[in-house]
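Q: This is the structure I want to talk about, given as structure tokens.
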Amino acid sequence: MNRLAKPRTPAFIQRLQWILDPVGYLEGTHAAFPDIFMGTGIGFGDRIVLTSHPDAIQYLLTNDRREFYAPGELNLILEPLIGNSSLVTIEGDRHKKRRQVIMPPFHGERLGTYGEQICAITQEVMSSVPTGTPFTARSITQRITLRVICEIVFGLSGSERADQIHTLLRETADRFSSPLTSAMLFFTQLQQDLGPWSPWGYFLRLRAKLNELVYEELRDRREHPDPNRTDILSLLMAAQYEDG
């Protein structure tokens with residue numbers, strides 16, 4: 001690890017570069033270290049190896065899982081958004097068991113159906129963009145993503161709760177759309193609830209409202225199960241460990 005090339009820029013400055021201009025940071029480091037380098041302090045652990053070499057990426061993704069694994073601690077920066085029990089923030093045997101229990105719903109035929117639905121949503125959103133008019137890619141891709149979450153993942157559409165969840169998801173995503181607000185995820189010192197008008201306090205209240213609506217949906221589905229539902233949330237709710 002220590003023999004890897006790495007920028008001479010102090011870790012704190014690298015983190016600021018990553019927050020303020022992540023694309024510029026990656027382009028600059030790629031120009032200096034085309035194949036592989038070690039970044040320090042960019043927010044996903046003190047030291048992290050980054051590579052853009054196709055052969056290295058293929059080796060990592062296709063090699064023995066006993067040699068490489070995805071440590072959950074590297075994703076803890078996302079914990080305020082996705083919680084501490086998400087599949088991407090846990091590791092080891094706990095990760096393996098959780099992954100095994102949720103994988104059955106994601107079989108080939110079902111994924112093909114989801115793919116068709118995602119394509120249809122994408123075409124519908126893109127058809128609303130006026131031809132010849134500049135647009136922000138982020139706003140369009142966010143619209144697509146939020147509809148996929150609401151309609152395919154949650155199976156929600158055409159209800160008051162669906163509209164509320166969609167609105168809160170959009171507001172939460174917008175909350176971290178600028179370097180200034182996204183810095184709250186990288187610097188825990190900024191995660192201070194100073195009331196509803198403070199940046200972190202406002203986010204916490206958004207998250208609480210969203211959690212309340214999602215748990216209401218979970219309660220309704222447990223009380224009124226529908227075996228014909230094919231959305232991802234319903235399939236995951238029906239998943240069980242081997243012991244039942």
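Quick note on naming: the chains in the structure tokens go A, B, ... in the order shown, residues restart at 1 in each chain, and ligands are numbered from 1 in order of appearance.
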Do you know which residues are at most 7 Å from range 220-237 of chain A counting only C-alpha atoms, after dropping those on the same chain fewer than 6 positions away, and could you put them as a ChimeraX atom specification?

A: /A:102,105,152-155

Q: Can you tell me which residues surround Gly43 in chain A at a distance of at most 10 Å, considering only C-alpha atoms, apart from same-chain residues fewer than 2 positions away, and format the answer as a ChimeraX atom specification?

A: /A:11-12,14-16,18-19,39-41,45-48,74-77,183,185-187

Q: With N, CA and C atoms retained, write the just-selected residues as a PDB file, in the first residue's frame.

A:
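Full text of selection30.pdb as output:
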```pdb
ATOM      1  N   ALA A  11      -3.850  15.659   3.105  1.00  0.00           N
ATOM      2  CA  ALA A  11      -5.127  14.947   3.103  1.00  0.00           C
ATOM      3  C   ALA A  11      -6.314  15.900   3.200  1.00  0.00           C
ATOM      4  N   PHE A  12      -6.206  16.922   4.047  1.00  0.00           N
ATOM      5  CA  PHE A  12      -7.316  17.857   4.227  1.00  0.00           C
ATOM      6  C   PHE A  12      -7.619  18.586   2.925  1.00  0.00           C
ATOM      7  N   GLN A  14      -6.938  17.475  -0.105  1.00  0.00           N
ATOM      8  CA  GLN A  14      -7.529  16.504  -1.022  1.00  0.00           C
ATOM      9  C   GLN A  14      -9.029  16.348  -0.761  1.00  0.00           C
ATOM     10  N   ARG A  15      -9.385  16.349   0.504  1.00  0.00           N
ATOM     11  CA  ARG A  15     -10.806  16.218   0.832  1.00  0.00           C
ATOM     12  C   ARG A  15     -11.592  17.421   0.323  1.00  0.00           C
ATOM     13  N   LEU A  16     -11.042  18.601   0.482  1.00  0.00           N
ATOM     14  CA  LEU A  16     -11.710  19.798  -0.031  1.00  0.00           C
ATOM     15  C   LEU A  16     -11.825  19.742  -1.552  1.00  0.00           C
ATOM     16  N   TRP A  18     -12.027  17.047  -3.337  1.00  0.00           N
ATOM     17  CA  TRP A  18     -13.034  16.030  -3.641  1.00  0.00           C
ATOM     18  C   TRP A  18     -14.444  16.593  -3.456  1.00  0.00           C
ATOM     19  N   ILE A  19     -14.642  17.420  -2.430  1.00  0.00           N
ATOM     20  CA  ILE A  19     -15.961  17.990  -2.160  1.00  0.00           C
ATOM     21  C   ILE A  19     -16.308  19.076  -3.171  1.00  0.00           C
ATOM     22  N   GLY A  39      -5.396   7.723  -2.680  1.00  0.00           N
ATOM     23  CA  GLY A  39      -5.882   8.992  -2.177  1.00  0.00           C
ATOM     24  C   GLY A  39      -5.951   8.962  -0.662  1.00  0.00           C
ATOM     25  N   THR A  40      -5.786  10.101  -0.045  1.00  0.00           N
ATOM     26  CA  THR A  40      -5.822  10.169   1.413  1.00  0.00           C
ATOM     27  C   THR A  40      -6.820  11.234   1.851  1.00  0.00           C
ATOM     28  N   GLY A  41      -7.667  10.839   2.796  1.00  0.00           N
ATOM     29  CA  GLY A  41      -8.560  11.805   3.421  1.00  0.00           C
ATOM     30  C   GLY A  41      -9.711  12.285   2.580  1.00  0.00           C
ATOM     31  N   GLY A  45     -12.478   6.645   4.189  1.00  0.00           N
ATOM     32  CA  GLY A  45     -11.351   6.017   4.860  1.00  0.00           C
ATOM     33  C   GLY A  45     -10.116   6.896   4.727  1.00  0.00           C
ATOM     34  N   ASP A  46      -9.154   6.699   5.627  1.00  0.00           N
ATOM     35  CA  ASP A  46      -7.951   7.521   5.602  1.00  0.00           C
ATOM     36  C   ASP A  46      -7.143   7.314   4.331  1.00  0.00           C
ATOM     37  N   ARG A  47      -7.101   6.076   3.842  1.00  0.00           N
ATOM     38  CA  ARG A  47      -6.371   5.765   2.625  1.00  0.00           C
ATOM     39  C   ARG A  47      -7.240   4.879   1.743  1.00  0.00           C
ATOM     40  N   ILE A  48      -7.336   5.244   0.486  1.00  0.00           N
ATOM     41  CA  ILE A  48      -8.155   4.455  -0.437  1.00  0.00           C
ATOM     42  C   ILE A  48      -7.461   4.417  -1.791  1.00  0.00           C
ATOM     43  N   LEU A  74     -16.092   1.846   4.766  1.00  0.00           N
ATOM     44  CA  LEU A  74     -15.786   2.844   3.748  1.00  0.00           C
ATOM     45  C   LEU A  74     -17.026   3.607   3.315  1.00  0.00           C
ATOM     46  N   ASN A  75     -18.193   3.052   3.582  1.00  0.00           N
ATOM     47  CA  ASN A  75     -19.437   3.704   3.179  1.00  0.00           C
ATOM     48  C   ASN A  75     -20.165   4.370   4.338  1.00  0.00           C
ATOM     49  N   LEU A  76     -19.517   4.415   5.497  1.00  0.00           N
ATOM     50  CA  LEU A  76     -20.176   5.001   6.662  1.00  0.00           C
ATOM     51  C   LEU A  76     -20.483   6.481   6.474  1.00  0.00           C
ATOM     52  N   ILE A  77     -19.818   7.105   5.516  1.00  0.00           N
ATOM     53  CA  ILE A  77     -20.125   8.501   5.227  1.00  0.00           C
ATOM     54  C   ILE A  77     -21.583   8.662   4.794  1.00  0.00           C
ATOM     55  N   ALA A 183     -20.725  18.938   2.081  1.00  0.00           N
ATOM     56  CA  ALA A 183     -19.610  18.918   3.038  1.00  0.00           C
ATOM     57  C   ALA A 183     -20.057  18.403   4.400  1.00  0.00           C
ATOM     58  N   LEU A 185     -21.647  15.789   5.013  1.00  0.00           N
ATOM     59  CA  LEU A 185     -21.439  14.351   5.077  1.00  0.00           C
ATOM     60  C   LEU A 185     -19.975  14.004   5.332  1.00  0.00           C
ATOM     61  N   PHE A 186     -19.079  14.884   4.919  1.00  0.00           N
ATOM     62  CA  PHE A 186     -17.643  14.620   5.025  1.00  0.00           C
ATOM     63  C   PHE A 186     -17.055  15.115   6.346  1.00  0.00           C
ATOM     64  N   PHE A 187     -17.678  16.111   6.940  1.00  0.00           N
ATOM     65  CA  PHE A 187     -17.173  16.670   8.191  1.00  0.00           C
ATOM     66  C   PHE A 187     -18.255  16.528   9.265  1.00  0.00           C
TER      67      PHE A 187
END
```

Q: Quick one, how far is CA of Glu73 in chain A from CA of Leu50 in chain A?

A: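 If I compute the distance from CA of Glu73 in chain A to CA of Leu50 in chain A, I get 16.6 Å.
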
Q: Could you write out, as a VMD selection string, all the residues of range 20-97 of chain A that DSSP marks as helix (DSSP H, G or I)?

A: chain A and resid 20 22 to 32 54 to 62 72 to 82 92 to 97

Q: Just N, CA, C and O atoms for this one: save the residues we selected as a short mmCIF file (atom, residue, chain, number, x, y, z; two decimals), in the first residue's frame.

A:
```cif
data_model
loop_
_atom_site.label_atom_id
_atom_site.label_comp_id
_atom_site.auth_asym_id
_atom_site.auth_seq_id
_atom_site.Cartn_x
_atom_site.Cartn_y
_atom_site.Cartn_z
N LEU A 20 -15.36 19.99 -3.43
CA LEU A 20 -15.63 21.15 -4.26
C LEU A 20 -15.62 20.83 -5.75
O LEU A 20 -16.38 21.42 -6.52
N PRO A 22 -15.06 17.19 -7.52
CA PRO A 22 -14.64 15.79 -7.60
C PRO A 22 -14.16 15.38 -8.99
O PRO A 22 -13.20 14.62 -9.12
N VAL A 23 -14.81 15.89 -10.04
CA VAL A 23 -14.38 15.54 -11.39
C VAL A 23 -12.99 16.11 -11.67
O VAL A 23 -12.12 15.42 -12.22
N GLY A 24 -12.77 17.35 -11.26
CA GLY A 24 -11.45 17.95 -11.44
C GLY A 24 -10.37 17.21 -10.67
O GLY A 24 -9.25 17.02 -11.16
N TYR A 25 -10.72 16.74 -9.46
CA TYR A 25 -9.76 15.97 -8.66
C TYR A 25 -9.38 14.68 -9.37
O TYR A 25 -8.19 14.33 -9.47
N LEU A 26 -10.38 13.96 -9.89
CA LEU A 26 -10.11 12.70 -10.57
C LEU A 26 -9.35 12.91 -11.88
O LEU A 26 -8.46 12.12 -12.22
N GLU A 27 -9.69 13.95 -12.61
CA GLU A 27 -8.98 14.23 -13.86
C GLU A 27 -7.52 14.58 -13.58
O GLU A 27 -6.62 14.14 -14.29
N GLY A 28 -7.30 15.38 -12.53
CA GLY A 28 -5.93 15.78 -12.20
C GLY A 28 -5.08 14.60 -11.73
O GLY A 28 -3.93 14.43 -12.14
N THR A 29 -5.67 13.78 -10.86
CA THR A 29 -4.92 12.63 -10.36
C THR A 29 -4.71 11.59 -11.46
O THR A 29 -3.67 10.92 -11.51
N HIS A 30 -5.67 11.48 -12.37
CA HIS A 30 -5.50 10.53 -13.48
C HIS A 30 -4.37 10.98 -14.40
O HIS A 30 -3.60 10.16 -14.92
N ALA A 31 -4.26 12.29 -14.61
CA ALA A 31 -3.18 12.80 -15.45
C ALA A 31 -1.82 12.53 -14.82
O ALA A 31 -0.85 12.22 -15.50
N ALA A 32 -1.76 12.63 -13.47
CA ALA A 32 -0.49 12.40 -12.78
C ALA A 32 -0.21 10.92 -12.56
O ALA A 32 0.94 10.47 -12.61
N PRO A 54 -8.64 -0.57 -17.04
CA PRO A 54 -9.67 -1.59 -17.29
C PRO A 54 -9.29 -2.97 -16.78
O PRO A 54 -10.14 -3.69 -16.23
N ASP A 55 -8.03 -3.36 -16.95
CA ASP A 55 -7.61 -4.70 -16.51
C ASP A 55 -7.70 -4.82 -14.99
O ASP A 55 -8.10 -5.87 -14.46
N ALA A 56 -7.31 -3.75 -14.29
CA ALA A 56 -7.36 -3.78 -12.83
C ALA A 56 -8.80 -3.85 -12.34
O ALA A 56 -9.12 -4.59 -11.40
N ILE A 57 -9.69 -3.11 -12.98
CA ILE A 57 -11.10 -3.12 -12.59
C ILE A 57 -11.70 -4.51 -12.83
O ILE A 57 -12.43 -5.05 -11.98
N GLN A 58 -11.38 -5.11 -13.99
CA GLN A 58 -11.89 -6.45 -14.28
C GLN A 58 -11.37 -7.46 -13.26
O GLN A 58 -12.11 -8.34 -12.81
N TYR A 59 -10.11 -7.33 -12.89
CA TYR A 59 -9.51 -8.25 -11.92
C TYR A 59 -10.22 -8.15 -10.58
O TYR A 59 -10.53 -9.16 -9.93
N LEU A 60 -10.51 -6.92 -10.16
CA LEU A 60 -11.18 -6.72 -8.87
C LEU A 60 -12.59 -7.29 -8.87
O LEU A 60 -13.03 -7.89 -7.88
N LEU A 61 -13.30 -7.12 -9.97
CA LEU A 61 -14.70 -7.52 -10.02
C LEU A 61 -14.90 -9.01 -10.28
O LEU A 61 -15.98 -9.55 -10.00
N THR A 62 -13.90 -9.67 -10.81
CA THR A 62 -14.06 -11.08 -11.17
C THR A 62 -13.21 -12.01 -10.33
O THR A 62 -13.31 -13.23 -10.48
N GLY A 72 -17.70 -2.32 4.84
CA GLY A 72 -18.78 -1.39 5.07
C GLY A 72 -18.34 -0.06 5.64
O GLY A 72 -18.97 0.96 5.42
N GLU A 73 -17.21 -0.08 6.37
CA GLU A 73 -16.75 1.15 7.01
C GLU A 73 -16.43 2.24 6.00
O GLU A 73 -16.49 3.43 6.32
N LEU A 74 -16.09 1.85 4.77
CA LEU A 74 -15.79 2.84 3.75
C LEU A 74 -17.03 3.61 3.31
O LEU A 74 -16.93 4.67 2.72
N ASN A 75 -18.19 3.05 3.58
CA ASN A 75 -19.44 3.70 3.18
C ASN A 75 -20.16 4.37 4.34
O ASN A 75 -21.30 4.82 4.17
N LEU A 76 -19.52 4.41 5.50
CA LEU A 76 -20.18 5.00 6.66
C LEU A 76 -20.48 6.48 6.47
O LEU A 76 -21.32 7.04 7.19
N ILE A 77 -19.82 7.11 5.52
CA ILE A 77 -20.13 8.50 5.23
C ILE A 77 -21.58 8.66 4.79
O ILE A 77 -22.19 9.72 4.95
N LEU A 78 -22.18 7.57 4.28
CA LEU A 78 -23.57 7.60 3.81
C LEU A 78 -24.56 7.23 4.90
O LEU A 78 -25.77 7.23 4.66
N GLU A 79 -24.07 6.90 6.09
CA GLU A 79 -24.95 6.42 7.15
C GLU A 79 -26.10 7.38 7.47
O GLU A 79 -27.23 6.94 7.69
N PRO A 80 -25.87 8.70 7.49
CA PRO A 80 -27.01 9.59 7.76
C PRO A 80 -28.13 9.48 6.74
O PRO A 80 -29.29 9.75 7.06
N LEU A 81 -27.79 9.04 5.52
CA LEU A 81 -28.79 8.94 4.47
C LEU A 81 -29.45 7.57 4.42
O LEU A 81 -30.66 7.46 4.15
N ILE A 82 -28.68 6.50 4.64
CA ILE A 82 -29.22 5.15 4.43
C ILE A 82 -29.23 4.31 5.70
O ILE A 82 -29.66 3.15 5.67
N GLY A 92 -18.72 -8.50 6.33
CA GLY A 92 -18.48 -9.81 6.93
C GLY A 92 -19.68 -10.75 6.81
O GLY A 92 -20.45 -10.69 5.85
N ASP A 93 -19.84 -11.62 7.82
CA ASP A 93 -20.92 -12.61 7.80
C ASP A 93 -22.29 -11.95 7.78
O ASP A 93 -23.23 -12.45 7.15
N ARG A 94 -22.41 -10.83 8.48
CA ARG A 94 -23.70 -10.13 8.51
C ARG A 94 -24.08 -9.68 7.10
O ARG A 94 -25.23 -9.83 6.69
N HIS A 95 -23.13 -9.16 6.36
CA HIS A 95 -23.39 -8.73 4.99
C HIS A 95 -23.75 -9.94 4.12
O HIS A 95 -24.70 -9.89 3.33
N LYS A 96 -23.00 -11.02 4.27
CA LYS A 96 -23.23 -12.22 3.46
C LYS A 96 -24.63 -12.78 3.68
O LYS A 96 -25.35 -13.11 2.73
N LYS A 97 -25.05 -12.90 4.94
CA LYS A 97 -26.37 -13.45 5.25
C LYS A 97 -27.47 -12.53 4.72
O LYS A 97 -28.48 -13.00 4.18
#
```

Q: Which residue is closest to Ala5 in chain A? Choose from A:Ser157, A:Thr51, A:Ser86, A:Gln17 and count only C-alpha atoms.

A: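 Comparing A:Ser157, A:Thr51, A:Ser86, A:Gln17 against Ala5 in chain A, the winner is A:Thr51.
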